[in-house]
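Heads up, protein20.cif below (mmCIF, C-alpha atoms):
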```
data_run
loop_
_atom_site.label_atom_id
_atom_site.label_comp_id
_atom_site.auth_asym_id
_atom_site.auth_seq_id
_atom_site.Cartn_x
_atom_site.Cartn_y
_atom_site.Cartn_z
CA MET A 14 0.00 0.00 0.00
CA THR A 15 2.69 2.53 0.96
CA SER A 16 4.46 2.05 -2.37
CA ASP A 17 1.28 3.09 -4.22
CA ILE A 18 0.96 6.14 -1.98
CA LEU A 19 4.59 7.14 -2.50
CA LYS A 20 4.21 6.97 -6.28
CA GLU A 21 1.77 9.88 -5.99
CA PHE A 22 4.72 11.92 -4.66
CA ASN A 23 6.97 10.62 -7.46
CA ILE A 24 8.89 8.39 -5.06
CA LYS A 25 9.32 5.00 -6.68
CA GLY A 26 11.89 2.41 -7.63
CA GLU A 27 13.77 -0.51 -6.13
CA ASP A 28 15.70 1.62 -3.64
CA VAL A 29 12.71 2.80 -1.55
CA GLU A 30 13.08 1.76 2.10
CA THR A 31 10.21 1.97 4.59
CA GLU A 32 10.23 1.55 8.37
CA ASP A 33 7.93 2.43 11.26
CA PHE A 34 8.88 5.66 12.96
CA GLY A 35 8.15 7.59 16.15
CA SER A 36 6.00 7.01 19.22
CA GLY A 37 2.81 8.85 18.26
CA LEU A 38 -0.44 7.27 19.41
CA ILE A 39 -2.82 8.87 16.91
CA ASN A 40 -1.33 8.74 13.39
CA HIS A 41 0.74 5.92 11.89
CA THR A 42 4.15 7.21 10.81
CA TRP A 43 6.88 5.77 8.58
CA LEU A 44 10.43 6.85 7.76
CA ILE A 45 11.02 6.65 4.01
CA LYS A 46 14.49 6.50 2.43
CA HIS A 47 14.90 7.06 -1.29
CA ALA A 48 17.70 8.28 -3.54
CA GLY A 49 19.79 9.49 -0.62
CA LYS A 50 16.91 11.46 0.92
CA LYS A 51 14.65 10.83 3.90
CA TYR A 52 10.95 11.54 4.25
CA ILE A 53 8.20 11.13 6.84
CA LEU A 54 4.99 9.49 5.62
CA GLN A 55 1.92 9.73 7.84
CA LYS A 56 -1.49 8.14 7.73
CA ILE A 57 -3.96 10.46 9.45
CA ASN A 58 -6.28 8.79 11.95
CA LYS A 59 -9.69 9.72 10.55
CA HIS A 60 -11.43 8.41 13.66
CA VAL A 61 -9.83 11.30 15.55
CA PHE A 62 -9.38 13.87 12.78
CA THR A 63 -12.58 13.41 10.83
CA GLU A 64 -11.81 16.24 8.40
CA PRO A 65 -8.21 15.81 7.18
CA HIS A 66 -8.76 18.50 4.57
CA GLY A 67 -9.15 20.98 7.40
CA ILE A 68 -5.68 20.06 8.63
CA ASP A 69 -4.33 20.36 5.09
CA ASN A 70 -5.98 23.77 4.71
CA ASN A 71 -4.47 25.03 7.96
CA ILE A 72 -0.93 23.89 7.26
CA ARG A 73 -1.04 25.20 3.70
CA SER A 74 -2.36 28.59 4.86
CA LEU A 75 0.25 28.91 7.60
CA ALA A 76 3.02 27.87 5.21
CA GLU A 77 2.01 30.55 2.72
CA TYR A 78 1.99 33.23 5.43
CA LEU A 79 5.34 32.23 6.90
CA THR A 80 6.96 31.95 3.46
CA ILE A 81 6.01 35.56 2.76
CA HIS A 82 6.70 37.10 6.17
CA TYR A 83 9.33 34.82 7.76
CA PRO A 84 10.99 32.83 4.97
CA ASP A 85 13.89 31.76 7.20
CA TYR A 86 11.65 30.04 9.73
CA LEU A 87 11.83 26.25 9.61
CA PHE A 88 8.26 25.17 8.96
CA THR A 89 7.53 21.49 8.37
CA LYS A 90 4.99 21.72 5.58
CA PRO A 91 3.92 18.65 3.58
CA ILE A 92 5.33 17.81 0.18
CA TYR A 93 2.67 18.17 -2.48
CA THR A 94 1.80 15.47 -4.98
CA THR A 95 2.37 15.78 -8.70
CA ASN A 96 -1.18 17.22 -8.79
CA GLN A 97 -0.30 19.78 -6.06
CA LYS A 98 -2.37 18.06 -3.42
CA GLY A 99 -1.32 17.80 0.21
CA LEU A 100 -3.18 14.55 0.79
CA VAL A 101 -3.37 11.21 -0.98
CA GLU A 102 -6.68 9.44 -0.34
CA PRO A 103 -6.82 5.99 -1.90
CA ASP A 104 -10.23 5.31 -0.30
CA ASP A 105 -12.83 6.95 1.93
CA HIS A 106 -11.09 5.78 5.10
CA SER A 107 -7.47 6.79 4.45
CA SER A 108 -5.54 10.05 4.15
CA TYR A 109 -1.76 10.16 3.72
CA ARG A 110 0.75 13.00 3.62
CA LEU A 111 4.51 13.28 3.15
CA PHE A 112 7.09 15.55 4.80
CA THR A 113 10.79 16.07 4.24
CA PHE A 114 12.78 14.61 7.13
CA VAL A 115 14.67 17.37 8.95
CA GLU A 116 18.28 16.20 8.81
CA GLY A 117 20.33 16.53 11.97
CA SER A 118 17.22 16.80 14.12
CA HIS A 119 15.96 14.68 16.97
CA SER A 120 13.14 14.75 19.50
CA TYR A 121 12.45 13.59 23.05
CA THR A 122 9.57 11.78 24.70
CA ILE A 123 10.56 12.83 28.24
CA VAL A 124 11.74 16.24 29.45
CA GLU A 125 15.08 15.09 30.80
CA ARG A 126 16.51 18.51 31.69
CA LYS A 127 15.19 21.98 32.43
CA GLU A 128 17.11 23.29 29.42
CA LEU A 129 14.88 21.22 27.16
CA ALA A 130 11.80 22.72 28.82
CA TYR A 131 13.18 26.20 28.12
CA GLU A 132 13.92 25.45 24.47
CA ALA A 133 10.54 23.83 23.89
CA ALA A 134 8.66 26.71 25.52
CA LYS A 135 10.67 29.15 23.43
CA GLN A 136 9.76 27.32 20.22
CA PHE A 137 6.04 27.19 21.00
CA GLY A 138 6.15 30.86 21.93
CA LYS A 139 8.02 31.72 18.73
CA PHE A 140 5.50 29.80 16.63
CA THR A 141 2.61 31.84 18.04
CA LYS A 142 4.51 35.14 17.91
CA LEU A 143 5.51 34.79 14.25
CA LEU A 144 1.88 34.11 13.40
CA SER A 145 0.51 37.00 15.44
CA GLY A 146 -0.44 38.80 12.22
CA PHE A 147 -2.21 35.78 10.75
CA ASP A 148 -6.00 35.95 10.47
CA THR A 149 -7.13 33.09 12.72
CA SER A 150 -10.55 33.02 11.05
CA LYS A 151 -8.82 31.26 8.14
CA LEU A 152 -8.07 28.25 10.34
CA LYS A 153 -10.40 25.27 10.33
CA ILE A 154 -11.40 23.71 13.65
CA THR A 155 -9.79 20.27 13.40
CA LEU A 156 -10.92 19.06 16.84
CA PRO A 157 -14.13 20.79 17.92
CA ASP A 158 -14.27 21.66 21.65
CA PHE A 159 -10.81 20.16 22.18
CA HIS A 160 -10.00 22.49 25.11
CA ASN A 161 -13.55 23.47 26.03
CA LEU A 162 -13.36 23.15 29.81
CA SER A 163 -17.06 23.92 30.31
CA LEU A 164 -17.98 20.97 28.09
CA ARG A 165 -15.48 18.69 29.85
CA TYR A 166 -17.04 19.57 33.19
CA GLN A 167 -20.53 18.85 31.85
CA GLN A 168 -19.32 15.48 30.56
CA PHE A 169 -17.84 14.79 34.00
CA GLU A 170 -21.18 15.61 35.66
CA GLN A 171 -23.01 13.34 33.22
CA SER A 172 -20.61 10.50 33.96
CA VAL A 173 -21.22 10.88 37.70
CA SER A 174 -24.98 10.67 37.17
CA LYS A 175 -24.72 7.46 35.11
CA ALA A 176 -21.86 5.59 36.81
CA THR A 177 -22.24 2.25 38.53
CA LYS A 178 -22.44 2.23 42.33
CA GLU A 179 -19.14 0.37 42.53
CA ARG A 180 -17.21 2.90 40.46
CA LEU A 181 -18.86 5.82 42.24
CA ALA A 182 -17.80 4.35 45.57
CA ASN A 183 -14.22 3.80 44.40
CA ALA A 184 -13.94 7.38 43.17
CA ALA A 185 -16.13 9.21 45.72
CA SER A 186 -13.49 11.29 47.52
CA PHE A 187 -11.76 12.22 44.27
CA ILE A 188 -15.05 13.25 42.67
CA GLU A 189 -15.56 15.61 45.61
CA THR A 190 -12.09 17.05 45.06
CA LEU A 191 -12.83 17.70 41.41
CA ILE A 192 -16.09 19.42 42.31
CA SER A 193 -14.20 21.60 44.82
CA TYR A 194 -12.08 22.91 41.93
CA ARG A 195 -15.18 24.04 39.98
CA HIS A 196 -13.93 27.65 40.22
CA ILE A 197 -11.37 26.80 37.51
CA VAL A 198 -14.30 26.38 35.11
CA ASP A 199 -15.80 29.69 36.26
CA GLU A 200 -12.51 31.45 35.49
CA TYR A 201 -12.36 29.82 32.05
CA GLU A 202 -15.85 31.11 31.28
CA ASN A 203 -14.74 34.59 32.34
CA ILE A 204 -11.78 34.34 29.97
CA LEU A 205 -14.10 33.59 27.04
CA VAL A 206 -15.76 37.00 27.40
CA ASN A 207 -12.70 38.98 28.49
CA PRO A 208 -11.29 41.17 25.68
CA CYS A 209 -7.89 41.08 27.40
CA PHE A 210 -7.54 37.48 26.22
CA LYS A 211 -6.67 37.26 22.56
CA LYS A 212 -7.31 34.31 20.30
CA ARG A 213 -4.09 33.42 18.53
CA VAL A 214 -2.66 30.65 16.37
CA THR A 215 -2.25 28.02 19.09
CA HIS A 216 -0.62 24.60 18.84
CA HIS A 217 -2.78 22.89 21.51
CA ASP A 218 -0.47 19.87 21.98
CA THR A 219 2.79 21.11 23.44
CA LYS A 220 4.32 17.88 24.70
CA ILE A 221 8.09 17.68 24.34
CA SER A 222 7.93 15.20 21.44
CA ASN A 223 6.40 17.93 19.28
CA VAL A 224 9.63 19.94 19.21
CA LEU A 225 12.65 19.19 17.03
CA PHE A 226 16.11 19.85 18.48
CA ASN A 227 19.49 20.16 16.78
CA SER A 228 22.70 18.37 17.77
CA ASN A 229 23.33 21.01 20.46
CA ASN A 230 19.85 20.51 21.90
CA LYS A 231 18.69 23.91 20.73
CA GLY A 232 15.11 24.05 19.52
CA LEU A 233 14.62 24.06 15.74
CA CYS A 234 10.86 24.19 15.29
CA VAL A 235 7.56 22.71 16.39
CA ILE A 236 5.95 19.80 14.57
CA ASP A 237 2.70 17.82 14.51
CA LEU A 238 0.45 20.70 13.53
CA ASP A 239 -2.82 18.76 13.30
CA THR A 240 -4.18 20.45 16.43
CA VAL A 241 -3.27 24.00 15.37
CA MET A 242 -6.42 26.10 15.76
CA PRO A 243 -7.44 29.50 17.12
CA GLY A 244 -7.03 29.38 20.88
CA TYR A 245 -5.78 31.01 24.05
CA PHE A 246 -2.22 31.00 25.35
CA ILE A 247 -3.37 29.04 28.42
CA SER A 248 -3.72 25.93 26.25
CA ASP A 249 -0.08 25.87 25.14
CA VAL A 250 1.49 27.05 28.40
CA GLY A 251 -0.85 24.86 30.43
CA ASP A 252 -0.04 21.72 28.48
CA MET A 253 3.68 22.33 28.93
CA MET A 254 3.17 22.69 32.67
CA ARG A 255 1.06 19.55 32.78
CA THR A 256 3.62 17.45 30.94
CA TYR A 257 6.97 19.02 31.89
CA LEU A 258 6.73 19.97 35.58
CA SER A 259 6.53 16.62 37.32
CA PRO A 260 9.31 14.03 37.24
CA ALA A 261 6.51 11.43 37.20
CA GLY A 262 4.24 11.12 34.17
CA GLU A 263 0.49 10.67 34.06
CA GLU A 264 0.76 6.87 34.19
CA GLU A 265 2.60 6.90 37.56
CA THR A 266 0.67 5.17 40.36
CA ASP A 267 3.14 5.98 43.13
CA PHE A 268 1.63 9.40 43.69
CA SER A 269 4.39 10.38 46.13
CA LYS A 270 6.66 10.77 43.10
CA ILE A 271 4.51 13.57 41.67
CA ASP A 272 5.95 17.03 42.28
CA ILE A 273 6.26 20.52 40.80
CA ARG A 274 9.86 21.17 39.81
CA GLU A 275 10.30 24.88 40.36
CA ASP A 276 13.35 25.11 38.10
CA TYR A 277 11.38 23.51 35.26
CA PHE A 278 8.52 25.95 35.89
CA GLU A 279 11.00 28.81 35.66
CA ALA A 280 12.38 27.37 32.41
CA ILE A 281 8.91 27.20 30.84
CA VAL A 282 8.06 30.76 31.88
CA ASN A 283 11.38 32.21 30.71
CA GLY A 284 11.36 30.28 27.45
CA TYR A 285 7.81 31.31 26.54
CA LEU A 286 8.22 34.93 27.65
CA SER A 287 11.47 35.27 25.70
CA GLU A 288 9.24 35.24 22.62
CA MET A 289 5.80 36.24 23.86
CA GLN A 290 6.31 38.86 26.56
CA GLN A 291 5.42 41.76 24.27
CA GLU A 292 2.49 39.85 22.75
CA LEU A 293 0.70 39.01 26.00
CA THR A 294 -1.54 41.48 27.79
CA GLU A 295 -1.00 42.19 31.48
CA THR A 296 -4.12 40.18 32.29
CA GLU A 297 -2.79 37.22 30.35
CA LYS A 298 0.52 37.42 32.20
CA ASP A 299 -1.43 37.25 35.46
CA HIS A 300 -2.88 33.90 34.34
CA PHE A 301 0.33 31.92 33.91
CA ILE A 302 -0.29 29.69 36.91
CA TYR A 303 -3.96 29.45 35.99
CA ALA A 304 -2.86 28.01 32.64
CA GLY A 305 -1.37 25.02 34.44
CA LYS A 306 -4.46 24.57 36.60
CA PHE A 307 -6.68 24.78 33.51
CA MET A 308 -4.98 21.98 31.60
CA ILE A 309 -4.27 19.69 34.55
CA TYR A 310 -7.84 20.01 35.82
CA MET A 311 -9.29 19.37 32.38
CA GLN A 312 -7.28 16.18 31.98
CA ALA A 313 -8.25 15.03 35.47
CA LEU A 314 -11.92 15.54 34.56
CA ARG A 315 -11.48 13.60 31.32
CA PHE A 316 -9.77 10.64 33.00
CA MET A 317 -12.37 10.54 35.78
CA ALA A 318 -15.26 10.77 33.33
CA ASP A 319 -13.81 7.90 31.32
CA TYR A 320 -13.42 5.76 34.42
CA LEU A 321 -17.04 6.43 35.41
CA ASN A 322 -18.13 5.68 31.82
CA ASN A 323 -16.43 2.26 32.00
CA ASP A 324 -13.32 3.30 30.01
CA ILE A 325 -15.00 3.81 26.67
CA TYR A 326 -12.67 6.57 25.42
CA TYR A 327 -9.09 6.06 26.61
CA GLY A 328 -9.41 2.33 27.24
CA ALA A 329 -7.78 0.68 30.24
CA LYS A 330 -5.06 -1.90 30.81
CA TYR A 331 -6.52 -2.72 34.23
CA GLU A 332 -9.78 -1.95 36.04
CA THR A 333 -8.75 1.24 37.84
CA HIS A 334 -6.40 2.52 35.14
CA ASN A 335 -8.32 5.72 34.37
CA LEU A 336 -9.15 6.27 38.02
CA ASN A 337 -5.43 6.19 38.80
CA ARG A 338 -4.74 8.55 35.91
CA ALA A 339 -7.33 10.94 37.35
CA ILE A 340 -5.82 10.70 40.85
CA ASN A 341 -2.41 11.35 39.33
CA GLN A 342 -3.64 14.58 37.75
CA ILE A 343 -5.53 15.64 40.88
CA THR A 344 -2.32 15.16 42.84
CA LEU A 345 -0.44 17.30 40.33
CA LEU A 346 -3.12 19.99 40.56
CA ASN A 347 -2.93 19.97 44.35
CA LYS A 348 0.86 20.31 44.21
CA LEU A 349 0.63 23.23 41.79
CA SER A 350 -1.89 24.99 44.01
CA GLU A 351 0.26 24.46 47.11
CA LYS A 352 3.26 26.12 45.45
CA GLU A 353 1.34 29.03 43.94
CA SER A 354 2.90 31.78 46.06
CA LYS A 355 6.44 30.61 45.22
CA LEU A 356 5.58 30.28 41.54
CA LYS A 357 4.24 33.83 41.47
CA GLU A 358 7.65 35.03 42.64
CA ILE A 359 9.29 33.13 39.78
CA ILE A 360 6.93 34.74 37.26
CA ALA A 361 7.56 38.22 38.63
CA LYS A 362 11.30 37.70 38.26
CA ALA A 363 10.91 36.29 34.75
CA LEU A 364 8.84 39.28 33.65
CA LEU A 365 11.66 41.58 34.70
CA VAL A 366 14.33 39.47 32.99
CA ASN A 367 12.45 39.27 29.70
CA ASP A 368 11.24 42.88 29.65
CA VAL A 369 13.59 44.03 26.92
#
```

Could you spell out this file's structure in structure tokens?
Amino acid sequence: MTSDILKEFNIKGEDVETEDFGSGLINHTWLIKHAGKKYILQKINKHVFTEPHGIDNNIRSLAEYLTIHYPDYLFTKPIYTTNQKGLVEPDDHSSYRLFTFVEGSHSYTIVERKELAYEAAKQFGKFTKLLSGFDTSKLKITLPDFHNLSLRYQQFEQSVSKATKERLANAASFIETLISYRHIVDEYENILVNPCFKKRVTHHDTKISNVLFNSNNKGLCVIDLDTVMPGYFISDVGDMMRTYLSPAGEEETDFSKIDIREDYFEAIVNGYLSEMQQELTETEKDHFIYAGKFMIYMQALRFMADYLNNDIYYGAKYETHNLNRAINQITLLNKLSEKESKLKEIIAKALLVNDV
């Protein structure tokens, strides 16, 4: 099958090599070698991204803007077919695209050092800053309500009302904790109507694996642009906090290992502000810590809702898998809240350092 797809991009012959590549959970990815060059071939998961042409539209539009305004920026746009299409669709269920492999680059799945957190935050900030003049109304919504916290809370409430007695009993104290954090939803709804919060080109999936680094571990660019949509800075900064701050990931069941690394927090803030300080309003700057609460809380709600719904969305490797994931995120949220006063001091210092 892949050989037929590659022919659409004029890649053919006996010397084509194909191997599985990367650790992504959504799209299937291959590394292609041909005539001394390397490429990345991806099959878009149409169960998740039901409108691949929306993704193609977004990337093509952003590429055109950046080519005109910032031609030196490394932007990983797809290679077009001989018919100038960004997607090859051999049937109604499949969409494929091809990228040039960025030579000399590598990525990480774990934030091993605070320097990586800084570089990643800088790259996500740079991406949004360079596109500050782009008309976000041109972007298609590739994942409707992806970071709609009000909807996630409603889904959580619905799951509580329909859950089995056994699962409700297992999760009772943690459900109460989630309800006690309802004010995070109230603040989100205030943000939606606050003109001090600007909708920008937002990546929405700022895990470390979505940044390419060079041989000196300096950030090159951001990748995996399927989730790029209009959004608020709290989505990108919050997701970095959720996935970079703790030495223990979301699958950890020894909750004593979960912590907020203050030096990593400082790295995220400094990296992002090094690009975005002049773009953010004062009100937005006051919501840096809220950004972390927003994303951690939303993921805790989603894990808990899935547990109460009998694991129909994320699936589960064991009976309390999603409950443990929810507890993990609740623990992280508690830790972030406990350190808020110290983290505010770090932000205040960072604002002075980056005010140039």

TODO: Starting from the shown file, work through the PyMOL selection byres ((chain A and resi 254) around 9) and note down what comes out as an MDAnalysis selection string.
DONE: chainID A and resid 249:253 255:259 273 277:278 281 302 304:306 308:309

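The list of residues with at least one atom within 7 Å of segment 345-357 of chain A, based on only C-alpha atoms and without residues fewer than 2 positions apart in the same chain, reads Ile271, Asp272, Ile273, Lys306, Ile309, Tyr310, Asn341, Gln342, Ile343, Ile359, Ile360 and Ala361 of chain A.
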
TODO: Name the residues captured by the PyMOL selection byres ((chain A and resi 113) around 9) when it is applied to the shown file; answer as number ranges by chain.
DONE: A: 50-54, 89-92, 111-112, 114-116

- [ ] Compile the contact shell of segment 144-159 of chain A as a VMD selection string: residues with an atom at most 6 Å away, counting all atoms listed in the file, same-chain residues fewer than 2 positions apart removed.
- [x] chain A and resid 67 71 141 to 142 161 242 to 243

Residues just named, written with C-alpha atoms as a PDB file, in the frame of the given file:
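So again.pdb came out as:
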```
ATOM      1  CA  GLY A  67      -9.150  20.980   7.400  1.00  0.00           C
ATOM      2  CA  ASN A  71      -4.470  25.030   7.960  1.00  0.00           C
ATOM      3  CA  THR A 141       2.610  31.840  18.040  1.00  0.00           C
ATOM      4  CA  LYS A 142       4.510  35.140  17.910  1.00  0.00           C
ATOM      5  CA  ASN A 161     -13.550  23.470  26.030  1.00  0.00           C
ATOM      6  CA  MET A 242      -6.420  26.100  15.760  1.00  0.00           C
ATOM      7  CA  PRO A 243      -7.440  29.500  17.120  1.00  0.00           C
TER       8      PRO A 243
END
```

TODO: Take atom CA of Phe137 of chain A and atom CA of Thr63 of chain A and report the distance between them in Å, one decimal.
DONE: 25.3 Å

TODO: For Lys178 of chain A, work out the shell of residues within 12 Å, counting all atoms listed in the file and skipping chain neighbours fewer than 5 positions away, then give it as number ranges by chain.
DONE: A: 172-173, 183-185, 321-323

Open item on the list: Translate the PyMOL selection byres ((chain A and resi 209) around 9) into a concrete residue list for this structure, as JSON, numbers by chain.
Closed with: {"A": [204, 206, 207, 208, 210, 211, 293, 294, 295, 296, 297]}

Open item on the list: as a PyMOL selection string, please: the residues near segment 221-225 of chain A (cut-off 10 Å, all atoms listed in the file, same-chain neighbours under 3 positions excluded).
Closed with: chain A and resi 35-37+115+117-125+129-130+132-134+136-137+216+218+230-238+252-253+256-257

- [ ] For segment 315-317 of chain A, list every protein, DNA or RNA residue within 12 Å, evaluated using all atoms listed in the file, and leave out those in the same chain fewer than 3 positions away; present the list as an MDAnalysis selection string.
- [x] chainID A and resid 159:173 176 180:181 183:192 263:264 308:312 320:329 333:343

Each side padded by 6 Å, which centre and which edge lengths in Å (one decimal) define the axis-aligned box around the listed atoms of segment 69-79 of chain A? Give them as lines of an AutoDock Vina configuration file.
```
center_x = -0.3
center_y = 26.8
center_z = 5.3
size_x = 23.3
size_y = 24.9
size_z = 17.2
```
